[in-house]
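Here is the file upload05.txt (compact mmCIF, C-alpha atoms and all ligand atoms).
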```
# COMPACT_ATOMS: atom_id res chain seq x y z
CA MET A 1 -15.44 -13.37 29.38
CA ALA A 2 -18.44 -11.13 29.69
CA THR A 3 -21.43 -12.04 27.56
CA TYR A 4 -24.62 -10.14 26.98
CA MET A 5 -27.96 -11.44 25.84
CA PRO A 6 -28.47 -10.06 22.38
CA MET A 7 -31.42 -7.81 21.83
CA GLN A 8 -32.92 -6.99 18.52
CA LEU A 9 -34.36 -3.56 17.82
CA SER A 10 -36.18 -4.52 14.65
CA ILE A 11 -37.43 -7.61 12.95
CA SER A 12 -35.60 -6.84 9.70
CA THR A 13 -31.88 -7.56 9.59
CA LYS A 14 -31.26 -6.23 6.08
CA PRO A 15 -29.28 -2.98 5.97
CA HIS A 16 -31.65 -0.16 5.13
CA GLY A 17 -30.53 1.71 2.04
CA ALA A 18 -27.00 0.36 2.34
CA VAL A 19 -24.32 2.09 0.26
CA THR A 20 -22.30 0.20 -2.29
CA THR A 21 -18.87 -0.50 -0.96
CA PRO A 22 -16.01 -0.22 -3.43
CA GLY A 23 -14.08 -3.41 -3.89
CA LEU A 24 -16.81 -5.80 -2.85
CA GLY A 25 -15.92 -9.29 -3.93
CA LEU A 26 -12.21 -8.52 -4.18
CA THR A 27 -11.22 -9.73 -0.77
CA PRO A 28 -7.62 -10.88 -0.80
CA PRO A 29 -7.05 -14.26 0.81
CA VAL A 30 -5.13 -12.65 3.66
CA THR A 31 -8.28 -10.99 4.99
CA PRO A 32 -10.43 -13.60 6.65
CA THR A 33 -14.11 -13.16 7.37
CA ILE A 34 -16.19 -15.03 9.82
CA GLU A 35 -19.59 -15.94 8.52
CA ASP A 36 -21.48 -16.28 11.73
CA ARG A 37 -20.67 -14.68 15.02
CA ALA A 38 -23.65 -16.07 16.87
CA ASN A 39 -22.10 -15.56 20.29
CA SER A 40 -21.33 -11.93 19.73
CA SER A 41 -22.11 -9.79 22.76
CA THR A 42 -24.12 -7.35 20.71
CA ILE A 43 -26.47 -7.86 17.84
CA PRO A 44 -26.35 -5.36 15.02
CA SER A 45 -29.74 -4.32 13.78
CA PRO A 46 -31.21 -1.53 11.73
CA LEU A 47 -33.07 1.40 13.17
CA SER A 48 -35.31 1.33 10.17
CA GLY A 49 -36.64 4.40 8.45
CA THR A 50 -34.41 6.83 10.27
CA CYS A 51 -31.94 7.98 7.65
CA SER A 52 -32.11 9.63 4.29
CA ASP A 53 -30.36 7.98 1.36
CA SER A 54 -29.44 11.23 -0.30
CA GLU A 55 -26.56 12.43 1.86
CA ALA A 56 -23.39 13.54 0.07
CA VAL A 57 -20.46 11.18 0.60
CA SER A 58 -16.77 11.55 -0.08
CA SER A 59 -14.40 8.61 0.19
CA PRO A 60 -12.05 7.75 3.04
CA PRO A 61 -8.27 7.94 2.53
CA GLN A 62 -6.77 4.69 1.30
CA PHE A 63 -4.24 2.76 3.36
CA LEU A 64 -1.39 1.95 0.97
CA ASP A 65 1.34 0.46 3.13
CA GLU A 66 2.24 -3.23 3.12
CA LEU A 67 0.62 -5.25 5.90
CA GLU A 68 2.12 -8.28 7.53
CA TYR A 69 -0.51 -10.05 9.61
CA GLN A 70 0.71 -11.68 12.80
CA ARG A 71 0.18 -15.40 13.34
CA ASP A 72 0.48 -17.52 16.47
CA GLU A 73 2.53 -20.71 16.75
CA ASN A 74 -0.34 -22.68 15.19
CA GLY A 75 -0.47 -20.38 12.17
CA ARG A 76 -3.68 -18.69 13.23
CA LEU A 77 -4.07 -14.95 12.74
CA VAL A 78 -3.61 -12.99 15.97
CA THR A 79 -6.46 -10.67 16.93
CA PHE A 80 -6.82 -7.72 19.28
CA GLY A 81 -10.51 -8.38 19.73
CA ASP A 82 -13.82 -8.65 17.95
CA GLY A 83 -17.29 -7.24 18.16
CA ALA A 84 -20.70 -7.30 16.57
CA TRP A 85 -19.41 -6.44 13.08
CA SER A 86 -15.76 -7.19 12.92
CA VAL A 87 -12.58 -8.93 13.84
CA VAL A 88 -9.59 -6.71 14.65
CA TYR A 89 -6.28 -8.24 13.53
CA LYS A 90 -2.75 -7.51 14.66
CA ALA A 91 -0.39 -6.58 11.85
CA PHE A 92 2.81 -4.70 11.09
CA ALA A 93 2.72 -1.99 8.45
CA SER A 94 5.68 -0.84 6.39
CA PRO A 95 5.88 1.46 3.36
CA ARG A 96 5.73 -0.28 -0.03
CA ALA A 97 8.78 -0.03 -2.24
CA ILE A 98 8.07 2.56 -4.96
CA ASN A 99 8.57 1.26 -8.54
CA PRO A 100 10.38 -1.90 -7.49
CA THR A 101 12.57 -3.34 -10.24
CA ARG A 102 11.39 -6.82 -9.31
CA PRO A 103 8.37 -7.99 -7.35
CA PHE A 104 9.25 -8.20 -3.69
CA THR A 105 7.30 -10.07 -1.02
CA PRO A 106 8.81 -9.66 2.43
CA PRO A 107 9.26 -13.01 4.13
CA SER A 108 7.25 -13.74 7.27
CA SER A 109 9.70 -13.24 10.10
CA PRO A 110 9.28 -13.65 13.86
CA ASN A 111 10.51 -10.07 14.42
CA PRO A 112 9.00 -8.05 11.62
CA ALA A 113 9.88 -4.42 11.13
CA GLY A 114 7.27 -1.72 10.74
CA ARG A 115 4.74 -0.20 12.99
CA LEU A 116 2.14 -2.16 14.91
CA VAL A 117 -1.37 -1.55 13.63
CA ALA A 118 -4.88 -2.85 14.21
CA VAL A 119 -6.82 -3.94 11.11
CA LYS A 120 -10.59 -4.02 11.58
CA SER A 121 -12.10 -6.36 8.97
CA PRO A 122 -15.67 -7.49 8.33
CA GLY A 123 -16.66 -10.31 10.67
CA ARG A 124 -19.87 -11.11 8.83
CA GLY A 125 -21.13 -10.93 5.29
CA ASP A 126 -23.24 -7.80 5.74
CA ALA A 127 -20.58 -5.79 7.58
CA ARG A 128 -18.83 -4.27 4.55
CA PRO A 129 -21.08 -1.22 4.13
CA VAL A 130 -20.95 -0.72 7.88
CA LEU A 131 -17.16 -0.62 7.91
CA TYR A 132 -17.15 1.73 4.93
CA ALA A 133 -19.52 4.06 6.75
CA GLU A 134 -17.36 3.79 9.85
CA ALA A 135 -14.30 4.75 7.78
CA LEU A 136 -16.18 7.85 6.62
CA ALA A 137 -17.08 8.73 10.19
CA LEU A 138 -13.44 8.29 11.20
CA THR A 139 -12.38 10.45 8.24
CA ARG A 140 -14.70 13.22 9.39
CA ALA A 141 -13.74 12.92 13.05
CA SER A 142 -9.99 12.70 12.30
CA SER A 143 -10.07 15.91 10.30
CA THR A 144 -11.59 17.81 13.25
CA PRO A 145 -8.97 19.72 15.27
CA GLY A 146 -8.12 17.96 18.54
CA SER A 147 -8.99 14.47 17.27
CA GLU A 148 -5.61 13.09 18.37
CA ASN A 149 -6.70 13.57 22.00
CA TYR A 150 -10.11 11.95 21.77
CA ILE A 151 -10.40 9.15 19.21
CA VAL A 152 -8.43 6.13 18.08
CA PRO A 153 -5.83 7.16 15.41
CA PHE A 154 -7.24 6.29 11.98
CA LEU A 155 -4.61 5.43 9.36
CA GLY A 156 -6.78 4.66 6.31
CA PHE A 157 -9.20 2.28 4.62
CA ILE A 158 -8.53 -0.71 2.35
CA ASN A 159 -11.25 -0.85 -0.31
CA ALA A 160 -10.52 -4.39 -1.48
CA SER A 161 -11.18 -5.95 1.91
CA SER A 162 -13.34 -3.19 3.48
CA SER A 163 -10.82 -2.91 6.31
CA ILE A 164 -10.07 -0.02 8.63
CA VAL A 165 -6.45 0.43 9.69
CA MET A 166 -5.75 2.11 13.03
CA SER A 167 -2.82 2.53 15.38
CA ALA A 168 -2.80 -0.37 17.80
CA ILE A 169 -4.11 0.54 21.26
CA PRO A 170 -4.11 -2.87 22.92
CA LEU A 171 -5.98 -2.08 26.17
CA SER A 172 -9.73 -1.49 26.42
CA LEU A 173 -11.49 0.21 29.31
CA SER A 174 -13.51 -2.99 29.86
CA SER A 175 -10.36 -5.08 30.43
CA TYR A 176 -8.92 -2.40 32.70
CA ILE A 177 -12.09 -2.26 34.85
CA GLU A 178 -12.28 -6.06 35.07
CA ASP A 179 -8.63 -6.26 36.16
CA LYS A 180 -9.11 -3.60 38.83
CA ALA A 181 -12.32 -5.30 40.06
CA ARG A 182 -10.47 -8.61 40.41
CA ILE A 183 -7.61 -6.98 42.33
CA MET A 184 -10.08 -5.25 44.66
CA ARG A 185 -11.88 -8.57 45.32
CA GLN A 186 -8.59 -10.21 46.20
CA ASN A 187 -7.47 -7.37 48.47
CA PHE A 188 -10.78 -6.33 49.97
CA THR A 189 -10.52 -3.69 52.71
CA THR A 190 -13.22 -1.63 54.39
CA ARG A 191 -11.02 1.44 53.86
CA THR A 192 -11.78 1.50 50.13
CA MET A 193 -15.19 -0.21 49.99
CA TYR A 194 -16.99 3.09 49.31
CA ASP A 195 -14.66 4.08 46.47
CA PRO A 196 -14.78 3.15 42.78
CA VAL A 197 -12.74 0.01 42.01
CA ILE A 198 -10.35 2.12 39.92
CA GLY A 199 -9.80 4.56 42.83
CA MET A 200 -11.78 7.72 43.59
CA PRO A 201 -9.43 10.44 42.23
CA GLN A 202 -8.66 8.25 39.20
CA TRP A 203 -12.39 7.72 38.56
CA HIS A 204 -13.01 11.46 38.78
CA ASP A 205 -10.11 12.12 36.40
CA LEU A 206 -11.34 9.47 33.94
CA ALA A 207 -14.86 10.93 34.09
CA LYS A 208 -13.57 14.43 33.30
CA GLN A 209 -11.52 13.14 30.38
CA LEU A 210 -14.36 11.11 28.89
CA ILE A 211 -16.94 13.85 29.30
CA LYS A 212 -14.55 16.33 27.67
CA SER A 213 -14.12 13.87 24.79
CA LEU A 214 -17.89 13.55 24.43
CA ASP A 215 -18.26 17.33 24.36
CA TRP A 216 -15.65 17.44 21.57
CA LEU A 217 -17.39 14.64 19.65
CA HIS A 218 -20.81 16.31 19.80
CA ASN A 219 -19.85 19.95 19.43
CA GLN A 220 -16.65 19.91 17.34
CA ALA A 221 -16.81 16.71 15.27
CA GLN A 222 -20.63 16.83 15.33
CA ILE A 223 -21.01 13.09 15.58
CA VAL A 224 -23.22 10.93 17.76
CA HIS A 225 -21.27 7.80 18.66
CA ALA A 226 -24.33 5.67 19.45
CA ASP A 227 -22.46 2.71 20.97
CA ILE A 228 -20.52 4.02 23.95
CA LYS A 229 -19.56 1.24 26.37
CA PRO A 230 -16.34 0.09 28.07
CA GLN A 231 -15.45 -2.29 25.18
CA ASN A 232 -15.46 0.63 22.73
CA ILE A 233 -13.12 2.86 24.70
CA LEU A 234 -9.38 2.21 24.31
CA LEU A 235 -6.70 3.30 26.77
CA ARG A 236 -3.41 4.86 25.66
CA PRO A 237 -0.74 5.14 28.38
CA ARG A 238 -0.08 8.71 29.44
CA ILE A 239 3.43 9.82 28.67
CA SER A 240 3.49 12.91 30.86
CA LEU A 241 2.75 10.94 34.00
CA ASP A 242 5.45 10.99 36.69
CA ASP A 243 6.45 7.71 38.28
CA ASP A 244 4.55 8.45 41.47
CA LYS A 245 2.63 5.28 42.36
CA GLU A 246 0.15 7.27 44.44
CA SER A 247 -0.64 9.57 41.54
CA THR A 248 -4.23 10.73 41.53
CA GLU A 249 -4.31 10.91 37.75
CA PHE A 250 -5.95 8.19 35.71
CA PRO A 251 -2.87 6.60 34.12
CA TYR A 252 -4.30 6.47 30.57
CA GLU A 253 -5.88 8.69 27.97
CA PRO A 254 -9.26 7.20 27.02
CA LEU A 255 -9.99 7.23 23.27
CA PHE A 256 -13.35 6.60 21.63
CA ALA A 257 -13.23 3.68 19.18
CA ASP A 258 -15.80 1.72 17.15
CA PHE A 259 -17.74 4.28 15.14
CA SER A 260 -19.75 1.55 13.42
CA SER A 261 -23.05 2.86 14.81
CA SER A 262 -22.21 6.56 14.67
CA HIS A 263 -23.99 9.22 12.65
CA SER A 264 -23.56 12.83 11.76
CA ILE A 265 -25.40 15.68 13.42
CA SER A 266 -23.83 18.22 11.09
CA THR A 267 -25.69 19.73 8.15
CA THR A 268 -22.45 20.44 6.26
CA GLY A 269 -19.25 18.61 5.36
CA THR A 270 -18.75 14.90 4.75
CA GLN A 271 -21.89 13.04 5.66
CA ILE A 272 -21.90 9.52 7.02
CA PRO A 273 -24.03 7.37 4.71
CA SER A 274 -27.26 5.69 5.64
CA SER A 275 -25.72 2.32 6.45
CA ALA A 276 -24.24 4.03 9.49
CA CYS A 277 -27.76 4.13 10.84
CA LEU A 278 -27.49 0.44 11.42
CA SER A 279 -27.01 0.25 15.10
CA ALA A 280 -25.41 -2.19 17.45
CA THR A 281 -27.09 -2.07 20.81
CA THR A 282 -26.07 -3.41 24.17
CA ILE A 283 -28.55 -3.23 26.97
CA PRO A 284 -27.91 -1.73 29.57
CA PHE A 285 -25.76 0.96 27.92
CA THR A 286 -28.55 1.92 25.54
CA ALA A 287 -30.70 4.88 26.56
CA PRO A 288 -34.25 3.82 27.55
CA GLU A 289 -35.93 5.88 24.82
CA LEU A 290 -34.08 3.78 22.20
CA LEU A 291 -35.08 0.51 23.80
CA SER A 292 -38.73 1.41 23.40
CA VAL A 293 -38.12 1.77 19.66
CA LEU A 294 -40.96 -0.63 18.89
CA LYS A 295 -43.30 2.02 20.26
CA ASN A 296 -41.44 4.78 18.44
CA PRO A 297 -39.86 3.56 15.21
CA ASP A 298 -38.44 7.03 14.50
CA ALA A 299 -36.18 7.02 17.55
CA VAL A 300 -32.55 7.68 16.59
CA PRO A 301 -29.53 7.98 18.85
CA GLU A 302 -29.14 11.62 19.90
CA PRO A 303 -26.36 13.35 21.83
CA SER A 304 -28.51 12.78 24.94
CA SER A 305 -28.43 9.00 24.40
CA ASP A 306 -24.61 9.12 24.24
CA VAL A 307 -24.68 11.00 27.56
CA PHE A 308 -26.73 8.15 29.06
CA SER A 309 -24.36 5.48 27.69
CA LEU A 310 -21.29 7.27 29.01
CA ALA A 311 -22.90 7.60 32.45
CA VAL A 312 -23.52 3.82 32.54
CA THR A 313 -19.93 3.24 31.39
CA LEU A 314 -18.71 5.36 34.31
CA LEU A 315 -21.05 3.51 36.65
CA GLY A 316 -19.34 0.27 35.56
CA ALA A 317 -15.94 1.87 36.23
CA ALA A 318 -17.14 2.61 39.79
CA THR A 319 -18.72 -0.75 40.66
CA GLY A 320 -16.28 -2.85 38.63
CA ASP A 321 -19.22 -4.66 37.09
CA ILE A 322 -19.21 -4.02 33.37
CA LEU A 323 -22.28 -6.21 32.86
CA ILE A 324 -24.19 -3.71 35.05
CA TYR A 325 -27.15 -6.10 35.54
CA PRO A 326 -26.94 -9.31 37.56
CA PRO A 327 -26.01 -12.32 35.39
CA GLY A 328 -28.60 -14.89 34.35
CA LEU A 329 -31.49 -12.51 33.79
CA HIS A 330 -34.22 -13.49 31.35
CA PRO A 331 -34.14 -11.29 28.21
CA MET A 332 -37.53 -9.86 29.18
CA GLN A 333 -36.20 -8.82 32.60
CA ARG A 334 -33.21 -7.25 30.88
CA GLN A 335 -35.49 -5.35 28.54
CA MET A 336 -37.61 -4.15 31.48
CA LEU A 337 -34.56 -3.01 33.44
CA GLY A 338 -33.24 -1.28 30.32
CA GLN A 339 -36.46 0.64 29.87
CA GLN A 340 -36.13 1.80 33.48
CA GLY A 341 -32.62 3.07 32.82
CA HIS A 342 -33.17 6.17 34.97
CA LEU A 343 -33.13 3.84 38.01
CA ILE A 344 -29.77 2.36 37.04
CA ILE A 345 -27.81 4.00 39.87
CA SER A 346 -30.14 2.94 42.68
CA ASN A 347 -30.41 -0.53 41.12
CA ALA A 348 -26.61 -0.82 41.12
CA ARG A 349 -26.54 0.26 44.76
CA GLN A 350 -29.10 -2.36 45.80
CA SER A 351 -27.98 -5.32 43.74
CA GLY A 352 -24.58 -6.87 43.28
CA ASN A 353 -21.64 -6.97 45.65
CA ASN A 354 -20.32 -3.52 44.85
CA GLY A 355 -23.31 -1.33 45.67
CA THR A 356 -21.26 0.28 48.47
CA ARG A 357 -19.08 1.88 45.80
CA VAL A 358 -21.96 4.16 44.76
CA PRO A 359 -22.93 5.70 48.12
CA LYS A 360 -26.00 7.92 48.32
CA ASN A 361 -25.05 11.55 47.66
CA GLY A 362 -21.47 10.54 46.94
CA LEU A 363 -19.42 11.92 44.05
CA VAL A 364 -20.34 9.09 41.67
CA GLU A 365 -24.07 9.54 42.18
CA LYS A 366 -23.87 13.34 42.04
CA LEU A 367 -22.03 13.27 38.74
CA LEU A 368 -24.00 10.48 37.07
CA GLN A 369 -27.59 11.19 38.19
CA PRO A 370 -28.19 14.20 35.88
CA ALA A 371 -26.92 12.13 32.95
CA VAL A 372 -29.46 9.30 33.32
CA SER A 373 -32.71 11.31 33.55
CA LYS A 374 -35.62 9.42 32.05
CA ASN A 375 -36.58 12.27 29.76
CA PRO A 376 -33.69 12.82 27.30
CA ALA A 377 -34.54 16.52 27.09
CA GLU A 378 -33.86 16.84 30.83
CA ARG A 379 -30.53 15.04 30.63
CA VAL A 380 -27.42 17.15 31.10
CA THR A 381 -25.56 18.07 27.87
CA ALA A 382 -21.92 17.03 27.51
CA ARG A 383 -20.87 20.69 27.85
CA ALA A 384 -22.80 21.29 31.09
CA TRP A 385 -21.76 17.87 32.36
CA PHE A 386 -18.09 18.78 31.93
CA ASP A 387 -18.64 21.96 33.99
CA LEU A 388 -20.36 19.87 36.67
CA ALA A 389 -17.47 17.35 36.68
CA ASN A 390 -15.01 20.18 37.29
CA ALA A 391 -17.16 21.79 39.98
CA LEU A 392 -17.59 18.62 42.09
N1 LIG B 1 -7.07 0.25 17.40
C1 LIG B 1 -7.20 -0.86 18.14
N2 LIG B 1 -6.14 -1.39 18.78
C2 LIG B 1 -6.28 -2.52 19.53
N3 LIG B 1 -7.43 -3.16 19.73
C3 LIG B 1 -8.54 -2.68 19.12
C4 LIG B 1 -8.48 -1.52 18.29
N4 LIG B 1 -9.73 -1.28 17.82
C5 LIG B 1 -10.51 -2.25 18.32
N5 LIG B 1 -9.81 -3.11 19.11
C6 LIG B 1 -10.33 -4.29 19.83
O1 LIG B 1 -11.25 -4.98 19.01
C7 LIG B 1 -12.55 -5.00 19.60
C8 LIG B 1 -13.59 -4.87 18.50
O2 LIG B 1 -13.42 -3.63 17.80
P1 LIG B 1 -14.66 -2.68 17.52
O3 LIG B 1 -14.19 -1.49 16.75
O4 LIG B 1 -15.37 -2.40 18.81
O5 LIG B 1 -15.55 -3.62 16.58
P2 LIG B 1 -17.13 -3.91 16.47
O6 LIG B 1 -17.71 -2.78 15.66
O7 LIG B 1 -17.22 -5.21 15.74
O8 LIG B 1 -17.69 -3.94 17.87
C9 LIG B 1 -12.56 -3.83 20.60
O9 LIG B 1 -13.47 -4.04 21.65
C10 LIG B 1 -11.11 -3.84 21.07
O10 LIG B 1 -10.92 -4.81 22.07
MG MG B 2 -17.30 -2.65 19.46
```

Please go through the file and, once you have read it, give me the structure as C-alpha cells.
Amino acid sequence: MATYMPMQLSISTKPHGAVTTPGLGLTPPVTPTIEDRANSSTIPSPLSGTCSDSEAVSSPPQFLDELEYQRDENGRLVTFGDGAWSVVYKAFASPRAINPTRPFTPPSSPNPAGRLVAVKSPGRGDARPVLYAEALALTRASSTPGSENYIVPFLGFINASSSIVMSAIPLSLSSYIEDKARIMRQNFTTRTMYDPVIGMPQWHDLAKQLIKSLDWLHNQAQIVHADIKPQNILLRPRISLDDDKESTEFPYEPLFADFSSSHSISTTGTQIPSSACLSATTIPFTAPELLSVLKNPDAVPEPSSDVFSLAVTLLGAATGDILIYPPGLHPMQRQMLGQQGHLIISNARQSGNNGTRVPKNGLVEKLLQPAVSKNPAERVTARAWFDLANAL
C-alpha cells in the first residue's frame, strides 16, 4: 500500500476555533473510533489564523434509517477505507419502523436487506468537528444543481456519532490507477509506452470530466476542495457505456469525495464553519504556495491550489505512479520538491520508470503545464482549463 511521509503545516495541532459538535460524548457502542492513526498517509493540521469564527451555520440533514454494520468472519467491522480523519465502514441501511408496537432489533444476517452505504466515522478524538464541518460542506454542495454528477451522494449526518452517511462507491481513482499500472508493467509493449497507463483517449476523457467537475465545484457550489488527490476521487461505473471493449470513453464517472478540508468561497448561503479550515495535506498534491506556509501564515487553499492538485492527480493517472515522487526520499527532499511543484512534469519525465508516458509537447504535458504554474495567479482557471481540454 502506498504510504506518504507526513508533513505538518503548523506546530499547533489543536483545532483553531473549532465548532461544538452536537452529540459529543453520545457515541453508541456500534461506532468505533481509533485513537491513534500514526501511520496515516496524511497528517491533519490547522492552517492557523485563516478563518473567521463568526460565519453563519445551519445544520446538516440527519440520517434516520437503521444501520446494520457489516462484519467479517472474525467479527471485525468491514471498512471501505480510511484516511487522515476517519474510518469508512460498510453498512446496510433500511427504513426504521414507524411507531413500532414493540421494540424491534433486526437480527444480524449474512444477507441483510437494505441499501449498501458507506459510514464515515471519526478515526481520532479530534475529528468530530471536522466531520461536522464536512457534513455542512456536503449539505451545501448537494443542494447545488448538478451535484449528482460531480460529488459522492450524501445521505445525511448522525449527530450522536458524528458520522457521515453516503452511498457506497467502492472504487477509488488511486486503486484504479494502481491496477492499470500493474497490468501495464506485466504486459509492457513499446506500442503503448508513450501513452498514459489508463490509455490515452480514456485519460483525456477522465481529464475532461474531472476538470468539468472542478469548474462546477468552484463556480456553482463555490467550494474549494483543498485535498484533491487520487484517494479522494471515487469512481462510479458508467451505465450508458456500450459493451465495446475498445471504447475510448473512461469507463467510470469520477466523483469528488472527502470534503474534510474544504471551505466556502461564497459570501452567501450556508457557510462551512472554521473547523473546516483544518487541512489535511499530502505532498506532492499540495500547491507550492501552501507548502511555504511557514513563510506566509495567511496562505489558504484557493481555487488555483485545487487546479494544481488536480493536475498532479492527472499526472499520476498518466504515469501510473500515485506517489509521484520516488520512494524513500528524506522529508526535507520531499518538502524541497514540493516547493518546486511547477517542475513536477519535467521531474516525472526524468525520474521513475514511466517518464516516457509524459512525452515533451504531448497531450498530457500540454494540458497539465498551464495548471502547475509557480505563480497561482498565472495558473489556468478551471473554466479556461475545461475549454483547453476540449480544444486539444
Ligand atoms: N462513499 C464511499 N464509498 C466507498 N468508499 C469510500 C466512500 N467514501 C470514502 N471511501 C473510502 O474511504 C477512504 C477514506 O475516506 P475519506 O473521505 O477520504 O476520509 P479522510 O477524510 O479520513 O481522508 C477513501 O479514500 C475511500 O477509499
Ligand atoms: Mg481522504

(request) Set the cut-off to 12 Å, count all atoms listed in the file, and list whatever residues fall near ligand MG 2 (chain B) as a PyMOL selection string. (result) chain A and resi 40-44+80-88+120+123+131+134+172-174+225-234+256-262+279-282

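Of the listed residues (A:Ala118, A:Val312, A:Ala141, A:Ala133), A:Ala118 comes nearest to ligand LIG 1 (chain B); the distances count all atoms listed in the file.
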
(request) Between A:Trp385, A:Phe308, A:Phe188, A:Trp216, single out the one closest to Glu148 of chain A, counting only C-alpha atoms. (result) A:Trp216

(request) Write out as a VMD selection string the residues lying within 7 Å of Ile169 of chain A, counting only C-alpha atoms and excluding same-chain residues fewer than 2 positions away. (result) chain A and resid 167 171 234 to 236

(request) Find the distance between atom CA of Pro251 of chain A and atom CA of Leu315 of chain A and write it in Å to one decimal. (result)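 These two atoms are separated by 18.6 Å.
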
(request) Would you mind reading off the distance between atom CA of Phe285 of chain A and atom CA of Thr313 of chain A, one decimal, in Å? (result) 7.2 Å

(request) Have a look at A:Ala348, A:Ala389, A:Leu214, A:Met184 and name the one nearest to Pro303 of chain A; count all atoms listed in the file. (result) A:Leu214

(request) Please tell me which residues are no farther than 8 Å from (-8.7, 10.6, 35.3) in the file, counting all atoms listed in the file, and write them as a PyMOL selection string. (result) chain A and resi 201-209+248-252

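For the choices A:Pro326, A:Pro153, A:Pro60, A:Pro284, the atom-to-atom distance to ligand LIG 1 (chain B) is smallest for A:Pro153 when using all atoms listed in the file.
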
(message) From the options A:Ile198, A:Ile164, A:Ile98, A:Val358, which residue's atoms come nearest to Asp179 of chain A, counting only C-alpha atoms?
(response) A:Ile198

(request) May I ask which of the residues A:Pro370, A:Leu255, A:Ile158, A:Leu136 is the closest one to ligand LIG 1 (chain B), counting only C-alpha atoms and all ligand atoms? (result)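 Result for the nearest residue to ligand LIG 1 (chain B): A:Leu255.
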
(request) Between atom CA of Phe157 of chain A and atom CA of Gly125 of chain A, measure the distance and give it in Å to one decimal. (result)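 Distance between the two atoms: 17.8 Å.
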